[in-house]
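Next comes start39.tsv, with TSV, C-alpha atoms.
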```tsv
chain	number	residue	atom	x	y	z
N	236	MET	CA	-117.62	0.24	-141.09
N	237	SER	CA	-114.25	1.94	-140.81
N	238	GLN	CA	-111.73	1.14	-143.50
N	239	ASN	CA	-108.83	2.52	-141.50
N	240	PRO	CA	-106.56	0.04	-139.69
N	241	PRO	CA	-107.10	0.03	-135.91
N	242	ARG	CA	-105.22	2.88	-134.26
N	243	PRO	CA	-103.34	2.28	-131.03
N	244	LEU	CA	-105.06	3.50	-127.86
N	245	SER	CA	-103.40	4.57	-124.63
N	246	PRO	CA	-101.49	1.78	-122.88
N	247	HIS	CA	-103.37	0.11	-120.07
N	248	LEU	CA	-102.30	0.35	-116.46
N	249	GLN	CA	-101.07	-3.21	-116.09
N	250	VAL	CA	-98.21	-2.82	-118.57
N	251	TRP	CA	-96.55	-0.08	-116.50
N	252	ARG	CA	-94.11	-0.44	-113.67
N	253	TRP	CA	-95.22	1.84	-110.85
N	254	HIS	CA	-93.41	5.17	-110.67
N	255	ILE	CA	-94.44	8.53	-109.30
N	256	THR	CA	-94.78	10.44	-112.58
N	257	MET	CA	-97.10	7.71	-113.83
N	258	PHE	CA	-99.08	7.97	-110.59
N	259	SER	CA	-99.23	11.78	-110.89
N	260	SER	CA	-100.42	11.45	-114.48
N	261	ILE	CA	-103.24	9.12	-113.43
N	262	MET	CA	-104.07	11.45	-110.54
N	263	HIS	CA	-104.17	14.44	-112.89
N	264	ARG	CA	-106.80	12.69	-114.96
N	265	ALA	CA	-108.75	11.42	-111.95
N	266	THR	CA	-108.69	14.80	-110.20
N	267	GLY	CA	-109.70	16.48	-113.46
N	268	ILE	CA	-112.81	14.30	-113.61
N	269	GLY	CA	-113.38	14.92	-109.88
N	270	SER	CA	-113.18	18.67	-110.51
N	271	ILE	CA	-115.92	18.37	-113.11
N	272	ALA	CA	-118.12	16.72	-110.46
N	273	GLY	CA	-117.28	19.70	-108.24
N	274	LEU	CA	-118.15	22.08	-111.05
N	275	ALA	CA	-121.52	20.34	-111.42
N	276	MET	CA	-122.12	20.83	-107.66
N	277	VAL	CA	-121.33	24.55	-107.95
N	278	VAL	CA	-123.72	24.81	-110.90
N	279	ALA	CA	-126.41	23.07	-108.84
N	280	TRP	CA	-125.74	25.55	-106.02
N	281	LEU	CA	-126.17	28.49	-108.42
N	282	VAL	CA	-129.36	27.07	-109.94
N	283	CYS	CA	-130.87	26.57	-106.46
N	284	LEU	CA	-129.78	30.07	-105.48
N	285	GLY	CA	-131.53	31.39	-108.59
N	286	LEU	CA	-134.71	29.39	-107.95
N	287	GLY	CA	-135.31	30.82	-104.50
N	288	ASN	CA	-135.01	30.41	-100.76
N	289	GLU	CA	-136.75	27.05	-100.60
N	290	ALA	CA	-134.57	25.36	-103.20
N	291	TYR	CA	-131.47	26.97	-101.70
N	292	THR	CA	-132.33	25.73	-98.21
N	293	GLN	CA	-132.92	22.22	-99.57
N	294	PHE	CA	-129.57	22.31	-101.32
N	295	LEU	CA	-127.78	23.45	-98.17
N	296	THR	CA	-129.50	20.78	-96.08
N	297	LEU	CA	-127.59	18.28	-98.19
N	298	ALA	CA	-124.47	20.32	-98.95
N	299	ALA	CA	-123.83	21.52	-95.40
N	300	SER	CA	-124.53	18.16	-93.77
N	301	PRO	CA	-121.50	16.24	-92.45
N	302	LEU	CA	-121.65	13.88	-95.45
N	303	GLY	CA	-122.01	16.86	-97.77
N	304	LEU	CA	-118.92	18.46	-96.22
N	305	VAL	CA	-116.95	15.25	-96.76
N	306	VAL	CA	-117.99	15.33	-100.42
N	307	TRP	CA	-117.01	19.03	-100.72
N	308	PHE	CA	-113.69	18.25	-99.05
N	309	LEU	CA	-112.92	15.49	-101.56
N	310	LEU	CA	-114.03	17.67	-104.47
N	311	SER	CA	-111.84	20.54	-103.29
N	312	LEU	CA	-108.96	18.08	-102.86
N	313	ALA	CA	-109.46	17.01	-106.47
N	314	GLY	CA	-109.58	20.66	-107.54
N	315	PHE	CA	-106.41	21.73	-105.69
N	316	VAL	CA	-104.41	18.64	-106.73
N	317	HIS	CA	-105.50	19.19	-110.35
N	318	LEU	CA	-104.52	22.86	-110.05
N	319	THR	CA	-101.02	22.10	-108.77
N	320	GLY	CA	-100.79	19.29	-111.32
N	321	GLY	CA	-101.53	21.96	-113.91
N	322	ILE	CA	-98.59	24.00	-112.59
N	323	ARG	CA	-96.42	20.87	-113.02
N	324	HIS	CA	-97.55	20.56	-116.62
N	325	PHE	CA	-96.74	24.23	-117.27
N	326	VAL	CA	-93.23	23.67	-115.91
N	327	TRP	CA	-92.80	20.64	-118.17
N	328	ASP	CA	-94.34	22.46	-121.16
N	329	LEU	CA	-91.79	25.24	-120.68
N	330	GLY	CA	-89.02	22.62	-120.81
N	331	GLY	CA	-88.20	22.52	-117.10
N	332	GLY	CA	-87.87	19.54	-114.76
N	333	LEU	CA	-87.66	16.95	-117.50
N	334	GLN	CA	-84.72	14.96	-116.11
N	335	PRO	CA	-86.20	11.80	-114.53
N	336	LYS	CA	-85.00	12.74	-111.05
N	337	ASN	CA	-86.37	16.31	-111.31
N	338	ALA	CA	-89.60	15.06	-112.87
N	339	ASP	CA	-90.08	12.68	-109.92
N	340	GLN	CA	-89.47	15.48	-107.42
N	341	LEU	CA	-91.79	17.84	-109.26
N	342	ALA	CA	-94.52	15.18	-109.36
N	343	PHE	CA	-94.21	14.59	-105.62
N	344	TRP	CA	-94.06	18.22	-104.54
N	345	THR	CA	-96.89	19.45	-106.77
N	346	MET	CA	-99.17	16.69	-105.46
N	347	ALA	CA	-98.08	17.45	-101.89
N	348	LEU	CA	-98.78	21.16	-102.45
N	349	GLY	CA	-102.29	20.30	-103.65
N	350	VAL	CA	-102.96	18.39	-100.42
N	351	VAL	CA	-101.47	21.22	-98.31
N	352	LEU	CA	-103.61	23.86	-100.06
N	353	THR	CA	-106.74	21.78	-99.47
N	354	ILE	CA	-105.98	21.32	-95.78
N	355	ALA	CA	-105.10	25.01	-95.40
N	356	PHE	CA	-108.35	26.09	-97.10
N	357	TRP	CA	-110.44	23.89	-94.82
N	358	ALA	CA	-108.44	24.88	-91.74
N	359	VAL	CA	-109.36	28.52	-92.48
N	360	LEU	CA	-113.02	27.55	-92.97
N	361	PHE	CA	-113.14	25.74	-89.64
N	362	VAL	CA	-111.13	28.30	-87.69
N	363	CYS	CA	-113.32	31.16	-88.98
N	364	HIS	CA	-116.48	29.13	-88.19
N	365	LYS	CA	-117.54	29.11	-91.82
N	366	VAL	CA	-118.21	25.40	-91.53
N	367	SER	CA	-118.71	23.13	-88.54
N	368	LEU	CA	-119.45	19.46	-88.10
V	1337	MET	CA	-109.09	1.91	-149.17
V	1338	SER	CA	-107.36	-1.08	-147.60
V	1339	ASP	CA	-104.39	-0.46	-149.90
V	1340	HIS	CA	-101.35	0.69	-147.97
V	1341	ARG	CA	-100.71	3.73	-150.14
V	1342	ASP	CA	-104.23	5.01	-149.65
V	1343	VAL	CA	-103.92	4.60	-145.93
V	1344	ALA	CA	-100.63	6.50	-145.98
V	1345	ALA	CA	-102.15	9.29	-148.06
V	1346	ARG	CA	-105.12	9.49	-145.75
V	1347	SER	CA	-102.83	9.49	-142.76
V	1348	ALA	CA	-100.81	12.39	-144.21
V	1349	GLN	CA	-104.03	14.34	-144.68
V	1350	ASP	CA	-105.02	13.67	-141.09
V	1351	TRP	CA	-101.58	14.78	-139.96
V	1352	LYS	CA	-101.90	18.08	-141.82
V	1353	LYS	CA	-105.35	18.62	-140.37
V	1354	SER	CA	-103.97	17.95	-136.92
V	1355	ALA	CA	-101.17	20.46	-137.47
V	1356	HIS	CA	-103.83	23.16	-137.64
V	1357	HIS	CA	-106.57	22.00	-135.29
V	1358	GLY	CA	-104.31	20.15	-132.90
V	1359	ALA	CA	-102.19	23.20	-132.12
V	1360	GLY	CA	-105.33	25.23	-131.43
V	1361	THR	CA	-106.65	22.59	-129.03
V	1362	TRP	CA	-103.27	22.32	-127.30
V	1363	LEU	CA	-103.11	26.10	-126.87
V	1364	ALA	CA	-106.73	26.30	-125.68
V	1365	GLU	CA	-105.98	23.66	-123.02
V	1366	ARG	CA	-103.03	25.75	-121.77
V	1367	PHE	CA	-104.69	29.15	-121.93
V	1368	THR	CA	-107.86	27.99	-120.17
V	1369	GLY	CA	-105.66	26.25	-117.58
V	1370	LEU	CA	-103.61	29.40	-117.04
V	1371	ALA	CA	-106.75	31.49	-116.67
V	1372	LEU	CA	-108.15	28.98	-114.17
V	1373	LEU	CA	-105.02	29.28	-112.02
V	1374	VAL	CA	-105.96	32.92	-111.43
V	1375	LEU	CA	-109.74	32.45	-111.38
V	1376	THR	CA	-109.49	29.64	-108.81
V	1377	VAL	CA	-107.79	31.99	-106.35
V	1378	TRP	CA	-110.72	34.39	-106.77
V	1379	ALA	CA	-113.23	31.49	-106.58
V	1380	ALA	CA	-111.69	30.23	-103.31
V	1381	TRP	CA	-112.04	33.73	-101.83
V	1382	PHE	CA	-115.60	33.99	-103.15
V	1383	ALA	CA	-116.55	30.57	-101.73
V	1384	TYR	CA	-115.25	31.74	-98.35
V	1385	GLU	CA	-117.27	34.98	-98.57
V	1386	ALA	CA	-120.47	33.24	-99.69
V	1387	MET	CA	-120.36	30.53	-97.04
V	1388	ASP	CA	-122.73	30.54	-94.05
V	1389	ILE	CA	-124.15	34.06	-94.57
V	1390	GLY	CA	-127.74	33.08	-95.46
V	1391	PHE	CA	-129.84	33.21	-98.61
V	1392	ASP	CA	-130.38	36.99	-98.88
V	1393	LYS	CA	-126.76	37.95	-98.37
V	1394	VAL	CA	-125.55	35.29	-100.84
V	1395	ARG	CA	-128.01	36.65	-103.42
V	1396	THR	CA	-126.74	40.19	-102.86
V	1397	LEU	CA	-123.13	39.00	-103.09
V	1398	VAL	CA	-123.67	37.06	-106.34
V	1399	ALA	CA	-125.75	39.88	-107.84
V	1400	GLN	CA	-122.89	42.38	-107.56
V	1401	PRO	CA	-121.85	43.02	-111.19
V	1402	LEU	CA	-118.15	42.23	-110.64
V	1403	ASN	CA	-118.95	38.98	-108.81
V	1404	ALA	CA	-121.63	37.93	-111.32
V	1405	GLY	CA	-119.19	38.69	-114.14
V	1406	LEU	CA	-116.26	36.82	-112.62
V	1407	LEU	CA	-118.54	33.89	-111.70
V	1408	SER	CA	-119.76	33.70	-115.30
V	1409	LEU	CA	-116.21	33.97	-116.64
V	1410	THR	CA	-115.03	31.24	-114.26
V	1411	LEU	CA	-117.93	29.02	-115.36
V	1412	VAL	CA	-117.23	29.54	-119.06
V	1413	VAL	CA	-113.48	28.91	-118.77
V	1414	ALA	CA	-113.85	25.96	-116.36
V	1415	ILE	CA	-116.49	24.28	-118.53
V	1416	TRP	CA	-114.41	24.89	-121.66
V	1417	HIS	CA	-111.37	23.35	-119.94
V	1418	SER	CA	-113.50	20.41	-118.73
V	1419	TYR	CA	-114.85	19.87	-122.23
V	1420	LEU	CA	-111.32	19.69	-123.67
V	1421	GLY	CA	-110.17	17.36	-120.87
V	1422	LEU	CA	-113.11	14.96	-121.14
V	1423	ARG	CA	-112.60	14.82	-124.91
V	1424	VAL	CA	-109.02	13.67	-124.37
V	1425	VAL	CA	-110.17	10.96	-121.96
V	1426	VAL	CA	-112.69	9.64	-124.50
V	1427	GLU	CA	-110.20	9.84	-127.38
V	1428	ASP	CA	-107.56	7.98	-125.35
V	1429	TYR	CA	-109.66	4.99	-124.38
V	1430	PHE	CA	-112.31	4.57	-127.05
V	1431	ASP	CA	-111.67	3.60	-130.63
V	1432	ARG	CA	-113.68	5.11	-133.47
V	1433	ASN	CA	-115.60	1.83	-133.75
V	1434	GLU	CA	-116.34	1.67	-130.03
V	1435	GLY	CA	-118.78	4.55	-129.84
V	1436	ARG	CA	-116.21	7.34	-129.64
V	1437	GLY	CA	-118.37	9.68	-131.67
V	1438	PHE	CA	-121.39	9.11	-129.46
V	1439	LEU	CA	-119.36	9.60	-126.29
V	1440	LEU	CA	-117.87	12.83	-127.65
V	1441	PHE	CA	-121.42	13.99	-128.34
V	1442	LEU	CA	-122.37	13.17	-124.72
V	1443	VAL	CA	-119.35	15.18	-123.52
V	1444	PHE	CA	-120.52	18.11	-125.62
V	1445	LEU	CA	-124.08	17.74	-124.29
V	1446	LEU	CA	-122.90	17.61	-120.66
V	1447	SER	CA	-120.79	20.72	-121.17
V	1448	LEU	CA	-123.71	22.54	-122.77
V	1449	VAL	CA	-126.07	21.59	-119.92
V	1450	LEU	CA	-123.54	22.77	-117.31
V	1451	LEU	CA	-123.00	26.03	-119.19
V	1452	VAL	CA	-126.69	26.85	-119.67
V	1453	ALA	CA	-127.62	25.85	-116.09
V	1454	GLY	CA	-124.69	27.69	-114.51
V	1455	LEU	CA	-125.07	30.92	-116.47
V	1456	GLY	CA	-128.85	30.64	-116.07
V	1457	GLY	CA	-128.46	30.46	-112.30
V	1458	VAL	CA	-126.20	33.53	-112.25
V	1459	TYR	CA	-128.64	35.38	-114.51
V	1460	LEU	CA	-131.64	34.58	-112.27
V	1461	VAL	CA	-129.79	35.85	-109.22
V	1462	TYR	CA	-128.50	38.92	-111.05
V	1463	GLN	CA	-132.00	39.84	-112.26
V	1464	GLY	CA	-133.57	39.17	-108.88
V	1465	GLY	CA	-130.89	41.18	-107.13
V	1466	HIS	CA	-131.79	44.24	-109.16
V	1467	VAL	CA	-135.57	43.82	-108.95
V	1468	GLN	CA	-135.53	43.80	-105.15
```

Starting from the file, give its structure as structure tokens.
Amino acid sequence: MSQNPPRPLSPHLQVWRWHITMFSSIMHRATGIGSIAGLAMVVAWLVCLGLGNEAYTQFLTLAASPLGLVVWFLLSLAGFVHLTGGIRHFVWDLGGGLQPKNADQLAFWTMALGVVLTIAFWAVLFVCHKVSL
Amino acid sequence: MSDHRDVAARSAQDWKKSAHHGAGTWLAERFTGLALLVLTVWAAWFAYEAMDIGFDKVRTLVAQPLNAGLLSLTLVVAIWHSYLGLRVVVEDYFDRNEGRGFLLFLVFLLSLVLLVAGLGGVYLVYQGGHVQ
């Protein structure tokens, strides 16, 4: 149908040697998709809240169960790692940290910060008895 | 159209088109991302406040105009950012002949459903909060 010659697509994983900026790039995409799943969960929460007490209670029965909390934890991890990955991209977009060594460090520390923020958020939730297992 | 010169001419047209639309998309990705950096801080605080306080208090909290407004804004910006991101994923891995157009339509549909459902939920709570 198309008369255009085939355009190149993104390179596939197997042609790359492993390095941390490549890993952080893959993680940025994966956590972005994970964050959309989280967004869908928040939307479901809002819809149930709008529908009434019964729907809301049913939602919480799932969402506040131990398995539900594990899912929320993973979704928040995706969200925070994507957020700090976004900071990394802003730094790069502004022309900073583009030397390979600095780029590697930035990739590591932004991902680490995402994990730290997630753990800190959940530590507060547990310490303040907002959630319990 | 298989002639090389036609392809080159077509390509140049695409390039020019991209110089206008592409820059807008690039900027929209950054501006929505920047806004989400701030909105996520608020959303994390809001999630903390709304957790484990029971149905009635959550309704009251969400129905407060500032909270309902910021929730709606966060939804709009986050869904816009998601839409742009998912488009990039589809465009990276699917050729035009491999159902790219259909997948892009699905991405649009998903974003629309999330937007309508999310804002609808906020609206229901906001209305209910004022009726009570």

(request) Identify which of the residues N:Val351, N:Leu318, N:Leu297, N:Ala338 lies closest to Leu1370 (chain V), counting all atoms listed in the file when measuring atom-to-atom distances. (result)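 Among the listed residues, the smallest separation from Leu1370 (chain V) belongs to N:Leu318.
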
(request) Give the answer as one residue: which of V:Ala1386, V:Ala1359, V:Ala1364, V:Ile1415 has the shortest atom-to-atom distance to Leu1446 (chain V), using all atoms listed in the file? (result)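 Using all atoms listed in the file, Leu1446 (chain V) sits closest to V:Ile1415.
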
(request) Enumerate as a PyMOL selection string the residues belonging to chain V that approach chain N to within 6 Å, with all atoms listed in the file taken into account. (result) chain V and resi 1388+1428-1429+1454+1457+1460-1461

(request) Just give me the gap between CA of Ala1404 (chain V) and CA of Leu1363 (chain V) in Å, one decimal is fine. (result)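 Between these atoms lies a distance of 26.9 Å.
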
Compile the contact shell of Leu341 (chain N) as a PDB file with C-alpha atoms, in the frame of the given file: residues with an atom at most 12 Å away, counting all atoms listed in the file, same-chain residues fewer than 2 positions apart removed.
```pdb
ATOM      1  CA  ILE N 255     -94.440   8.530-109.300  1.00  0.00           C
ATOM      2  CA  THR N 256     -94.780  10.440-112.580  1.00  0.00           C
ATOM      3  CA  SER N 259     -99.230  11.780-110.890  1.00  0.00           C
ATOM      4  CA  SER N 260    -100.420  11.450-114.480  1.00  0.00           C
ATOM      5  CA  THR N 319    -101.020  22.100-108.770  1.00  0.00           C
ATOM      6  CA  GLY N 320    -100.790  19.290-111.320  1.00  0.00           C
ATOM      7  CA  GLY N 321    -101.530  21.960-113.910  1.00  0.00           C
ATOM      8  CA  ILE N 322     -98.590  24.000-112.590  1.00  0.00           C
ATOM      9  CA  ARG N 323     -96.420  20.870-113.020  1.00  0.00           C
ATOM     10  CA  HIS N 324     -97.550  20.560-116.620  1.00  0.00           C
ATOM     11  CA  PHE N 325     -96.740  24.230-117.270  1.00  0.00           C
ATOM     12  CA  VAL N 326     -93.230  23.670-115.910  1.00  0.00           C
ATOM     13  CA  TRP N 327     -92.800  20.640-118.170  1.00  0.00           C
ATOM     14  CA  GLY N 331     -88.200  22.520-117.100  1.00  0.00           C
ATOM     15  CA  GLY N 332     -87.870  19.540-114.760  1.00  0.00           C
ATOM     16  CA  LEU N 333     -87.660  16.950-117.500  1.00  0.00           C
ATOM     17  CA  GLN N 334     -84.720  14.960-116.110  1.00  0.00           C
ATOM     18  CA  PRO N 335     -86.200  11.800-114.530  1.00  0.00           C
ATOM     19  CA  LYS N 336     -85.000  12.740-111.050  1.00  0.00           C
ATOM     20  CA  ASN N 337     -86.370  16.310-111.310  1.00  0.00           C
ATOM     21  CA  ALA N 338     -89.600  15.060-112.870  1.00  0.00           C
ATOM     22  CA  ASP N 339     -90.080  12.680-109.920  1.00  0.00           C
ATOM     23  CA  PHE N 343     -94.210  14.590-105.620  1.00  0.00           C
ATOM     24  CA  TRP N 344     -94.060  18.220-104.540  1.00  0.00           C
ATOM     25  CA  THR N 345     -96.890  19.450-106.770  1.00  0.00           C
ATOM     26  CA  MET N 346     -99.170  16.690-105.460  1.00  0.00           C
ATOM     27  CA  ALA N 347     -98.080  17.450-101.890  1.00  0.00           C
ATOM     28  CA  LEU N 348     -98.780  21.160-102.450  1.00  0.00           C
TER      29      LEU N 348
END
```

(message) Can you measure CA of Tyr1459 (chain V) to CA of Val1398 (chain V) for me? One decimal in Å is fine.
(response)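 Result for CA of Tyr1459 (chain V) versus CA of Val1398 (chain V): 9.7 Å, one decimal.
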
(message) Under the rule that all atoms listed in the file are counted, which of N:Met262, N:Leu309, N:Met257, N:Val316 is the nearest residue to Leu352 (chain N)?
(response)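 For Leu352 (chain N), the nearest of the given residues is N:Val316.
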